[in-house]
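**Q** coords_9.pdb is reproduced below (PDB, C-alpha atoms).
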```pdb
ATOM      1  CA  MET A   1     150.086  66.584  82.799
ATOM      2  CA  LYS A   2     148.479  68.871  80.200
ATOM      3  CA  THR A   3     145.468  66.575  79.953
ATOM      4  CA  PHE A   4     145.049  66.579  83.704
ATOM      5  CA  LEU A   5     145.099  70.376  83.900
ATOM      6  CA  LEU A   6     142.507  70.749  81.168
ATOM      7  CA  VAL A   7     140.160  68.341  82.889
ATOM      8  CA  THR A   8     140.626  70.151  86.189
ATOM      9  CA  LEU A   9     139.839  73.529  84.634
ATOM     10  CA  ALA A  10     136.771  72.183  82.855
ATOM     11  CA  CYS A  11     135.444  70.745  86.083
ATOM     12  CA  GLY A  12     136.067  74.059  87.805
ATOM     13  CA  VAL A  13     134.014  75.918  85.191
ATOM     14  CA  THR A  14     131.194  73.406  85.471
ATOM     15  CA  TYR A  15     131.172  73.817  89.223
ATOM     16  CA  LEU A  16     131.081  77.629  89.140
ATOM     17  CA  CYS A  17     128.390  78.086  86.489
ATOM     18  CA  PRO A  18     125.362  77.437  88.733
ATOM     19  CA  CYS A  19     126.559  80.248  91.026
ATOM     20  CA  LEU A  20     126.449  82.714  88.149
ATOM     21  CA  ARG A  21     123.031  81.840  86.837
ATOM     22  CA  ALA A  22     120.105  84.162  87.295
ATOM     23  CA  ASP A  23     116.616  83.244  88.430
ATOM     24  CA  GLU A  24     114.075  83.549  85.641
ATOM     25  CA  GLU A  25     110.316  83.863  86.005
ATOM     26  CA  ILE A  26     107.760  83.972  83.200
ATOM     27  CA  LYS A  27     104.180  85.059  83.981
ATOM     28  CA  TYR A  28     101.174  87.078  82.827
ATOM     29  CA  PRO A  29     100.716  85.411  79.409
ATOM     30  CA  SER A  30      98.669  87.266  76.808
ATOM     31  CA  PRO A  31      95.130  85.994  76.069
ATOM     32  CA  ASP A  32      96.340  84.434  72.803
ATOM     33  CA  GLY A  33      99.196  82.712  74.661
ATOM     34  CA  ARG A  34     101.884  84.234  72.447
ATOM     35  CA  PHE A  35     103.509  86.774  74.780
ATOM     36  CA  ALA A  36     104.390  87.023  78.471
ATOM     37  CA  LEU A  37     106.400  88.914  81.073
ATOM     38  CA  ARG A  38     109.898  87.610  81.831
ATOM     39  CA  ILE A  39     111.776  88.672  84.951
ATOM     40  CA  THR A  40     115.474  87.759  85.082
ATOM     41  CA  GLN A  41     116.975  88.327  88.499
ATOM     42  CA  PRO A  42     120.738  88.038  89.154
ATOM     43  CA  LYS A  43     121.522  85.956  92.223
ATOM     44  CA  ASP A  44     123.976  88.538  93.521
ATOM     45  CA  ASP A  45     121.731  91.612  93.035
ATOM     46  CA  GLU A  46     118.040  91.004  93.676
ATOM     47  CA  TYR A  47     117.027  94.660  93.270
ATOM     48  CA  HIS A  48     118.389  95.162  89.738
ATOM     49  CA  PRO A  49     116.445  92.643  87.625
ATOM     50  CA  THR A  50     115.744  92.742  83.908
ATOM     51  CA  VAL A  51     112.041  92.842  83.037
ATOM     52  CA  GLU A  52     111.010  92.116  79.450
ATOM     53  CA  LEU A  53     107.949  91.508  77.332
ATOM     54  CA  ILE A  54     108.821  88.396  75.325
ATOM     55  CA  GLU A  55     107.469  85.999  72.730
ATOM     56  CA  LYS A  56     106.954  82.842  74.795
ATOM     57  CA  ASP A  57     107.929  80.143  72.288
ATOM     58  CA  SER A  58     111.085  81.760  70.962
ATOM     59  CA  GLY A  59     112.104  83.835  73.983
ATOM     60  CA  LYS A  60     112.517  86.832  71.670
ATOM     61  CA  VAL A  61     112.494  90.153  73.507
ATOM     62  CA  MET A  62     109.719  92.407  72.263
ATOM     63  CA  VAL A  63     110.248  95.288  74.712
ATOM     64  CA  THR A  64     112.642  95.813  77.635
ATOM     65  CA  LEU A  65     110.622  97.311  80.469
ATOM     66  CA  HIS A  66     113.321  97.455  83.150
ATOM     67  CA  SER A  67     117.047  96.925  82.620
ATOM     68  CA  ALA A  68     119.567  95.518  85.099
ATOM     69  CA  SER A  69     121.720  98.556  84.325
ATOM     70  CA  ASP A  70     119.123 100.953  85.756
ATOM     71  CA  THR A  71     120.509 102.717  88.814
ATOM     72  CA  GLU A  72     117.254 102.778  90.816
ATOM     73  CA  LEU A  73     116.439  99.929  93.170
ATOM     74  CA  PHE A  74     113.386  98.018  92.012
ATOM     75  CA  ASP A  75     110.953  95.462  93.421
ATOM     76  CA  PRO A  76     110.154  92.896  90.682
ATOM     77  CA  SER A  77     107.534  91.125  92.823
ATOM     78  CA  GLU A  78     105.190  94.083  92.251
ATOM     79  CA  SER A  79     105.402  93.906  88.430
ATOM     80  CA  VAL A  80     102.120  93.229  86.639
ATOM     81  CA  LEU A  81     100.854  93.046  83.051
ATOM     82  CA  VAL A  82      97.265  93.868  82.097
ATOM     83  CA  TRP A  83      96.313  92.678  78.606
ATOM     84  CA  SER A  84      93.547  93.751  76.258
ATOM     85  CA  ALA A  85      91.299  90.918  75.047
ATOM     86  CA  ASP A  86      92.911  90.897  71.580
ATOM     87  CA  SER A  87      96.494  90.796  72.981
ATOM     88  CA  LYS A  88      97.398  93.951  71.034
ATOM     89  CA  SER A  89      97.535  96.373  73.947
ATOM     90  CA  VAL A  90      99.244  95.824  77.284
ATOM     91  CA  ALA A  91      99.834  97.941  80.384
ATOM     92  CA  TYR A  92     102.841  97.301  82.610
ATOM     93  CA  GLY A  93     102.573  98.290  86.250
ATOM     94  CA  PHE A  94     105.615  98.499  88.509
ATOM     95  CA  GLN A  95     106.807  99.621  91.916
ATOM     96  CA  ASP A  96     110.231 101.244  91.811
ATOM     97  CA  SER A  97     110.791 101.302  95.553
ATOM     98  CA  PRO A  98     112.520  98.197  96.970
ATOM     99  CA  PRO A  99     111.085  95.926  99.694
ATOM    100  CA  GLY A 100     111.484  97.362 103.182
ATOM    101  CA  VAL A 101     111.289 100.986 102.049
ATOM    102  CA  ARG A 102     108.235 102.651 103.590
ATOM    103  CA  VAL A 103     107.687 105.268 100.871
ATOM    104  CA  VAL A 104     105.992 103.622  97.892
ATOM    105  CA  SER A 105     106.293 104.810  94.291
ATOM    106  CA  ARG A 106     104.199 103.154  91.577
ATOM    107  CA  GLY A 107     104.002 103.787  87.848
ATOM    108  CA  ALA A 108     102.752 102.350  84.563
ATOM    109  CA  VAL A 109     103.772 102.104  80.900
ATOM    110  CA  VAL A 110     101.643 101.011  77.931
ATOM    111  CA  CYS A 111     102.679  99.085  74.801
ATOM    112  CA  PHE A 112     100.837  98.606  71.499
ATOM    113  CA  TRP A 113     101.216  95.956  68.794
ATOM    114  CA  ASN A 114     102.381  97.418  65.457
ATOM    115  CA  GLY A 115     102.155  94.270  63.322
ATOM    116  CA  SER A 116     105.639  92.936  64.027
ATOM    117  CA  GLY A 117     106.407  94.104  67.558
ATOM    118  CA  PHE A 118     105.325  96.364  70.397
ATOM    119  CA  ASP A 119     105.809 100.115  70.576
ATOM    120  CA  LYS A 120     106.178 101.583  74.035
ATOM    121  CA  GLY A 121     103.843 104.429  74.914
ATOM    122  CA  PHE A 122     103.413 106.640  77.955
ATOM    123  CA  LEU A 123     100.597 107.971  80.074
ATOM    124  CA  PRO A 124      99.942 111.702  80.509
ATOM    125  CA  GLU A 125     102.332 113.448  82.905
ATOM    126  CA  ASN A 126      99.695 114.938  85.200
ATOM    127  CA  LEU A 127      97.570 111.974  86.172
ATOM    128  CA  PRO A 128      94.669 112.318  88.623
ATOM    129  CA  VAL A 129      95.679 112.295  92.295
ATOM    130  CA  PRO A 130      93.254 111.392  95.095
ATOM    131  CA  GLU A 131      91.957 114.288  97.174
ATOM    132  CA  THR A 132      92.442 112.573 100.500
ATOM    133  CA  LYS A 133      90.049 113.797 103.168
ATOM    134  CA  PHE A 134      91.415 114.486 106.659
ATOM    135  CA  PRO A 135      89.815 115.562 109.926
ATOM    136  CA  ASN A 136      90.911 118.891 111.376
ATOM    137  CA  LYS A 137      94.691 118.801 110.856
ATOM    138  CA  LYS A 138      95.412 121.354 113.544
ATOM    139  CA  GLY A 139      98.163 120.161 115.882
ATOM    140  CA  GLY A 140      99.301 117.305 113.643
ATOM    141  CA  TYR A 141     102.234 116.705 111.313
ATOM    142  CA  GLU A 142     101.369 115.293 107.892
ATOM    143  CA  LYS A 143     103.859 112.754 106.502
ATOM    144  CA  SER A 144     103.555 111.336 102.979
ATOM    145  CA  TYR A 145     104.229 107.668 102.304
ATOM    146  CA  GLY A 146     103.893 107.974  98.539
ATOM    147  CA  GLY A 147     101.566 106.249  96.118
ATOM    148  CA  GLY A 148     101.127 106.257  92.358
ATOM    149  CA  VAL A 149      99.097 104.399  89.761
ATOM    150  CA  LYS A 150      98.395 100.766  88.923
ATOM    151  CA  PRO A 151      96.706  99.431  85.734
ATOM    152  CA  LEU A 152      93.478  97.516  86.333
ATOM    153  CA  ARG A 153      91.874  96.480  83.027
ATOM    154  CA  TRP A 154      91.287  97.329  79.367
ATOM    155  CA  SER A 155      87.728  98.029  78.269
ATOM    156  CA  LYS A 156      86.219  96.659  75.066
ATOM    157  CA  SER A 157      86.454 100.148  73.569
ATOM    158  CA  GLY A 158      90.234 100.239  74.081
ATOM    159  CA  ASP A 159      90.321 102.492  77.141
ATOM    160  CA  LEU A 160      92.566 101.683  80.086
ATOM    161  CA  GLU A 161      91.268 101.792  83.648
ATOM    162  CA  LEU A 162      93.775 102.601  86.388
ATOM    163  CA  TYR A 163      93.873 102.890  90.166
ATOM    164  CA  SER A 164      95.514 105.890  91.861
ATOM    165  CA  GLU A 165      96.608 105.924  95.506
ATOM    166  CA  ASP A 166      98.066 108.469  97.907
ATOM    167  CA  GLU A 167      99.052 107.505 101.464
ATOM    168  CA  VAL A 168      99.610 109.989 104.294
ATOM    169  CA  MET A 169     100.153 109.603 108.054
ATOM    170  CA  LEU A 170      98.650 112.138 110.444
ATOM    171  CA  ARG A 171      98.542 111.938 114.254
ATOM    172  CA  GLY A 172      99.316 108.220 114.320
ATOM    173  CA  LYS A 173      96.760 107.234 111.678
ATOM    174  CA  THR A 174      97.276 106.362 108.034
ATOM    175  CA  TYR A 175      94.948 108.009 105.517
ATOM    176  CA  THR A 176      94.899 106.369 102.093
ATOM    177  CA  GLY A 177      93.100 108.210  99.312
ATOM    178  CA  VAL A 178      92.149 106.036  96.338
ATOM    179  CA  LEU A 179      90.346 106.681  93.072
ATOM    180  CA  GLN A 180      89.875 105.048  89.688
ATOM    181  CA  PHE A 181      90.179 106.839  86.369
ATOM    182  CA  THR A 182      90.166 106.014  82.669
ATOM    183  CA  ILE A 183      92.687 106.821  79.951
ATOM    184  CA  SER A 184      91.701 106.880  76.265
ATOM    185  CA  PHE A 185      94.037 106.636  73.257
ATOM    186  CA  ASP A 186      93.725 108.120  69.776
ATOM    187  CA  ALA A 187      94.774 106.408  66.515
ATOM    188  CA  GLN A 188      98.420 107.362  67.161
ATOM    189  CA  HIS A 189      98.153 106.027  70.737
ATOM    190  CA  HIS A 190      98.372 109.465  72.319
ATOM    191  CA  ALA A 191      96.865 109.246  75.778
ATOM    192  CA  SER A 192      94.419 111.551  77.532
ATOM    193  CA  VAL A 193      92.397 111.372  80.738
ATOM    194  CA  LYS A 194      88.795 110.491  79.956
ATOM    195  CA  GLU A 195      86.961 109.892  83.233
ATOM    196  CA  ILE A 196      87.846 110.472  86.886
ATOM    197  CA  GLY A 197      86.040 108.794  89.754
ATOM    198  CA  LYS A 198      85.523 110.092  93.275
ATOM    199  CA  THR A 199      88.160 109.776  95.972
ATOM    200  CA  LYS A 200      87.552 107.276  98.745
ATOM    201  CA  THR A 201      89.548 107.746 101.933
ATOM    202  CA  GLU A 202      90.527 104.695 103.994
ATOM    203  CA  VAL A 203      91.753 105.185 107.573
ATOM    204  CA  SER A 204      93.897 102.759 109.551
ATOM    205  CA  LYS A 205      96.145 102.869 112.619
TER     206      LYS A 205
END
```
Spell out the structure here as structure tokens.
**A**
Amino acid sequence: MKTFLLVTLACGVTYLCPCLRADEEIKYPSPDGRFALRITQPKDDEYHPTVELIEKDSGKVMVTLHSASDTELFDPSESVLVWSADSKSVAYGFQDSPPGVRVVSRGAVVCFWNGSGFDKGFLPENLPVPETKFPNKKGGYEKSYGGGVKPLRWSKSGDLELYSEDEVMLRGKTYTGVLQFTISFDAQHHASVKEIGKTKTEVSK
């Protein structure tokens, strides 16, 4: 009887395990192939994933970028890594508004290789915002749908180019202001705005 119970319990554990597993996705490898982004998404909570910068071969976590314990809902499908050519600098772009939510909020974090791991850095607080151009707003109600920044590329000089967006609805039309700007970093990886492009306004119904 004891043997039978043990076998039954073991089979029960084996049967339940697949239900508890999380989906794991690895993408955006570094140019040298050593590092990548890993997204681990619990099956029972798709909007609270863990997002990590890892060493591909060992699976070692270099930096945790988003934790499953974070209270904010989060859309992992919008996560992106932008690597420098030497794999020593990386920018992480994310959207912390979940799918189905109309108001979009985007952000970015940078990380730098220190010889044995990556140190997380941050962009300046007051980043450039598009100066969206509207027609005469008289008689209309302006409603913001959010925006934010997204990393685009690293230059050979070590600067980071980003895209900034601001979306507003007015009188049934959506006005999206976009601009590109550049962030430079000093020897201690302190960030400052270097160049700001001109705003382009896109209009759609």
**Q** List, as a PyMOL selection string, every residue that the PyMOL selection byres ((chain A and resi 176-181) around 8) selects in the file provided.
**A** chain A and resi 128-133+161-168+174-175+182-183+193-203
**Q** Taking all listed atoms of stretch 103-111 of chain A, build the axis-aligned box, pad each of the six sides by 4 Å, then write its centre and edge lengths in Å to one decimal as lines of an AutoDock Vina configuration file.
**A**
```
center_x = 104.7
center_y = 102.2
center_z = 87.8
size_x = 14.0
size_y = 14.2
size_z = 34.1
```
**Q** Compile the contact shell of stretch 60-62 of chain A as a PyMOL selection string: residues with an atom at most 9 Å away, counting only C-alpha atoms, same-chain residues fewer than 4 positions apart removed.
**A** chain A and resi 35+52-56+117-119
**Q** With all atoms listed in the file as the atoms that count, which of A:Lys120, A:Lys27, A:Lys143, A:His190 lies nearest to A:Pro76?
**A** A:Lys27
**Q** I'd like the contact shell of stretch 65-68 of chain A - 6 Å cut-off, all atoms listed in the file, skipping same-chain residues fewer than 2 positions apart - returned as a tab-separated table (two decimals) with C-alpha atoms, keeping the file's coordinate frame.
**A**
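Produced file selection_27.tsv, reproduced below:
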```tsv
chain	number	residue	atom	x	y	z
A	48	HIS	CA	118.39	95.16	89.74
A	49	PRO	CA	116.44	92.64	87.62
A	50	THR	CA	115.74	92.74	83.91
A	51	VAL	CA	112.04	92.84	83.04
A	52	GLU	CA	111.01	92.12	79.45
A	70	ASP	CA	119.12	100.95	85.76
```
**Q** Pull out every residue that the PyMOL selection byres ((chain A and resi 87) around 10) matches in the shown coordinates and put them as a VMD selection string.
**A** chain A and resid 29 to 35 82 to 86 88 to 90 112 to 113
**Q** If we count all atoms listed in the file, what is near A:Arg106 at a cut-off of 8 Å, once residues fewer than 3 positions away on the same chain are taken out, given as a ChimeraX atom specification?
**A** /A:93-97,147-150
**Q** Just checking: using only C-alpha atoms, which residue out of A:Ser69, A:Tyr92, A:Lys205, A:Pro42 ends up closest to A:Arg153?
**A**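 Of the candidates, the smallest distance to A:Arg153 is held by A:Tyr92.
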**Q** Which value, in Å to one decimal, gives the distance between atom CA of A:Leu127 and atom CA of A:Ala36?
**A**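 It comes out at 27.0 Å.
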**Q** What is the atom CA of A:Gly121-atom CA of A:Ser77 distance in Å, reported with one decimal?
**A**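 These two atoms are separated by 22.6 Å.
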**Q** Quick one: pull the distance between atom CA of A:Leu37 and atom CA of A:Asn126, Å, one decimal.
**A**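 According to the coordinates, atom CA of A:Leu37 and atom CA of A:Asn126 are separated by 27.2 Å.
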**Q** Of the candidates A:Ile39, A:Val80, A:Gln188, A:Ala108, which one gets nearest to A:Leu160 if we count only C-alpha atoms?
**A** A:Ala108
